[in-house]
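Peer 1: The structure is given below, and queries will be raised subsequently.
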Amino acid sequence: MSRHVAIVTDSTAYLPQRTMEDHGITAVPLTVVLGDRALEEGTEISARSVAEALRKRRSVTTSRPSPELFAETYRKVAESGATGIVSLHLSAEFSGTYDAAVLAARQAPVPVRVVDTGMVAMALGFCALAAAEAADAGCAVDEAVTAAEKRAAGTSAYFYVDTLDYLRRGGRIGAAQALFGSALAVKPLLQLDGGRIELMEKVRTASKAIARLQEIVAEHAGRGQVDIAVHHLAAPERAEALAGWLRERVPGLGELHVSEVGAVIGAHTGPGLVGAVVSPRS
């Protein structure tokens with residue numbers, strides 16, 4: 001279905017495929033480099049393959065989409081009938097994806113607003129969904145951007161990883177933070193803050209860390225209307241346990257998504273990840 005305003009995001013939004021189809025959202029893929037092979041997230045490599053490669057200590061890196069790929073995407077979206085595009089992407093602190101989109105937007109056949117949401121995973125996905133719902137309602141580009149930014153302002157993300165080493169290797173967390181966690185053999189709880197990953201709390205065991213994660217998510221969900229996404233990498237039991245706990249204890253729970261993260265995020269967090277995105281409804 002063509003629409004006046006089209007929504008573009010990237011593959012790290014991890015929106016359900018049916019949701020993207022229903023709202024006409026287009027995702028531009030990032031790339032995972034496994035050894036000497038460059039593979040597109042979402043179509044050519046799975047998170048499970050990344051987890052296995054990391055366990056075997058194989059080289060795994062990631063790279064942004066090219067400006068040319070964004071330009072091609074904007075052209076196709078314009079040809080489908082869009083007269084404006086809102087392009088929403090993961091934090092520029094994590095990736096050059098935003099910069100590539102900005103370069104491509106300058107040559108697009110229709111106006112493109114590129115937004116650094118400061119988010120990732122379903123924290124980004126909820127922003128893209130808010131913009132798409134505004135577009136569905138007939139809003140202009142600026143109004144769709146405002147809807148996304150409002151959703152981003154209220155959204156928070158918290159997660160647990162078995163080790164900070166993968167985040168340190170990828171430059172997504174400071175060496176001092178990673179060293180501190182390793183030296184004391186603590187289990188880290190982290191949060192997305194200002195577009196960056198920050199160490200929030202240090203807990204002695206994995207079970208206590210996940211129990212504390214449950215408390216934090218429930219506390220931030222409060223009693224208002226809220227959507228939650230639970231993510232994991234090679235830890236489905238942890239994810240289902242967290243989701244089940246939240247179903248019972250969040251009175252204003254709307255949508256609850258449970259999914260494994262994609263290959264790009266998995267490459268930087270490592271197996272064992274479990275986390276939650278809390279996104280209040282306006």
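Identifiers in this document derive from the order of the structure tokens: chains are assigned A, B, ..., residues are numbered from 1 separately in each chain, and ligands are numbered from 1 in order of occurrence.
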So that I can check the surroundings of range 227-235 of chain A, please list as a PyMOL selection string every protein, DNA and RNA residue that reaches within 10 Å of it, counting only C-alpha atoms and ignoring chain neighbours fewer than 4 positions away.

Peer 2: chain A and resi 14-15+47-48+50-52+121-123+125-126+155-161+217+221+239-240+242-243+246-247+250+252-263+265-267+269-281

Peer 1: If you count only C-alpha atoms, which residues fall within 6 Å of Ser11 in chain A, apart from same-chain ones fewer than 4 positions away, as an MDAnalysis selection string?

Peer 2: chainID A and resid 27:29

Peer 1: Those residues you just picked out, can you put them in a file as a short mmCIF file (atom, residue, chain, number, x, y, z; two decimals), in the first residue's frame with all heavy atoms?

Peer 2:
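part-v9.cif written:
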```
data_model
loop_
_atom_site.label_atom_id
_atom_site.label_comp_id
_atom_site.auth_asym_id
_atom_site.auth_seq_id
_atom_site.Cartn_x
_atom_site.Cartn_y
_atom_site.Cartn_z
N ALA A 27 13.01 -1.95 6.01
CA ALA A 27 14.23 -2.04 6.81
C ALA A 27 15.44 -2.24 5.91
O ALA A 27 15.46 -3.16 5.08
CB ALA A 27 14.13 -3.18 7.81
N VAL A 28 16.45 -1.40 6.08
CA VAL A 28 17.70 -1.51 5.33
C VAL A 28 18.67 -2.36 6.15
O VAL A 28 18.90 -2.07 7.33
CB VAL A 28 18.30 -0.12 5.07
CG1 VAL A 28 19.63 -0.24 4.35
CG2 VAL A 28 17.33 0.73 4.26
N PRO A 29 19.24 -3.42 5.57
CA PRO A 29 20.05 -4.34 6.36
C PRO A 29 21.47 -3.84 6.65
O PRO A 29 22.13 -3.26 5.79
CB PRO A 29 20.10 -5.59 5.49
CG PRO A 29 19.98 -5.08 4.09
CD PRO A 29 19.05 -3.90 4.18
#
```

Peer 1: Could you check the closest approach to Arg113 in chain A for each of A:Glu44, A:Glu198, A:Asp142, A:Asp165 and tell me which residue wins, using only C-alpha atoms?

Peer 2: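 Ranking A:Glu44, A:Glu198, A:Asp142, A:Asp165 by distance to Arg113 in chain A, first place goes to A:Asp142.
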
Peer 1: Kindly indicate which residue among A:Asp10, A:Glu133, A:Glu41, A:Glu72 lies nearest to Gly96 in chain A, using only C-alpha atoms for the distances.

Peer 2: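 Going through A:Asp10, A:Glu133, A:Glu41, A:Glu72 one by one, the smallest distance to Gly96 in chain A is for A:Asp10.
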
Peer 1: Pick out the residues sitting within 7 Å of Thr62 in chain A, and hand them over as a list in words; count only C-alpha atoms, and ignore anything fewer than 2 positions along from it in its own chain.

Peer 2: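 My reading of the contact set: Thr31, Val32, Val33 and Val264 of chain A.
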
Peer 1: May I have the residues from that selection written out with N, CA, C and O atoms, as a CSV table (one decimal), in the first residue's frame?

Peer 2:
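Below is the file result-v9.csv, written as the result:
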```csv
chain,number,residue,atom,x,y,z
A,31,THR,N,25.3,-5.3,7.9
A,31,THR,CA,26.1,-6.4,7.5
A,31,THR,C,26.9,-7.0,8.6
A,31,THR,O,27.5,-6.3,9.5
A,32,VAL,N,27.0,-8.3,8.7
A,32,VAL,CA,27.8,-9.0,9.6
A,32,VAL,C,29.0,-9.6,8.8
A,32,VAL,O,28.7,-10.3,7.8
A,33,VAL,N,30.2,-9.4,9.3
A,33,VAL,CA,31.4,-10.0,8.6
A,33,VAL,C,31.8,-11.2,9.4
A,33,VAL,O,32.3,-11.0,10.6
A,264,VAL,N,23.5,-8.7,14.2
A,264,VAL,CA,24.3,-7.5,14.4
A,264,VAL,C,24.4,-7.3,15.9
A,264,VAL,O,25.5,-7.1,16.5
```

Peer 1: At a cut-off of 10 Å, using only C-alpha atoms, what residues contact Thr26 in chain A? Leave out same-chain residues fewer than 6 positions from it and give the result as a ChimeraX atom specification.

Peer 2: /A:6-11,20,73-74,77,87,128

Peer 1: Just list the residues in range 90-262 of chain A DSSP gives alpha helix (DSSP H) on the backbone, as number ranges by chain.

Peer 2: A: 97-105, 122-136, 141-154, 165-169, 175-183, 206-221, 236-249

Peer 1: Find the residues around Gly35 in chain A up to 8 Å (only C-alpha atoms counted), leave out those fewer than 2 positions away in its own chain, and share them as a list in words.

Peer 2: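 Non-adjacent residues within range: Val33, Arg37, Arg58, Ser59 and Val60 of chain A.
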
Peer 1: What does the file look like for those residues with N, CA and C atoms, as a PDB file, in the first residue's frame?

Peer 2:
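For reference, again.pdb as written:
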```pdb
ATOM      1  N   VAL A  33      30.191  -9.417   9.259  1.00  0.00           N
ATOM      2  CA  VAL A  33      31.355  -9.991   8.588  1.00  0.00           C
ATOM      3  C   VAL A  33      31.835 -11.157   9.437  1.00  0.00           C
ATOM      4  N   ARG A  37      33.593 -13.431   5.045  1.00  0.00           N
ATOM      5  CA  ARG A  37      32.312 -13.358   4.361  1.00  0.00           C
ATOM      6  C   ARG A  37      31.468 -12.219   4.921  1.00  0.00           C
ATOM      7  N   ARG A  58      35.610 -17.206  16.752  1.00  0.00           N
ATOM      8  CA  ARG A  58      35.871 -16.769  15.377  1.00  0.00           C
ATOM      9  C   ARG A  58      35.685 -15.259  15.276  1.00  0.00           C
ATOM     10  N   SER A  59      36.314 -14.668  14.282  1.00  0.00           N
ATOM     11  CA  SER A  59      36.207 -13.226  14.079  1.00  0.00           C
ATOM     12  C   SER A  59      34.810 -12.867  13.576  1.00  0.00           C
ATOM     13  N   VAL A  60      34.129 -11.975  14.314  1.00  0.00           N
ATOM     14  CA  VAL A  60      32.796 -11.495  13.919  1.00  0.00           C
ATOM     15  C   VAL A  60      32.787  -9.981  14.087  1.00  0.00           C
TER      16      VAL A  60
END
```
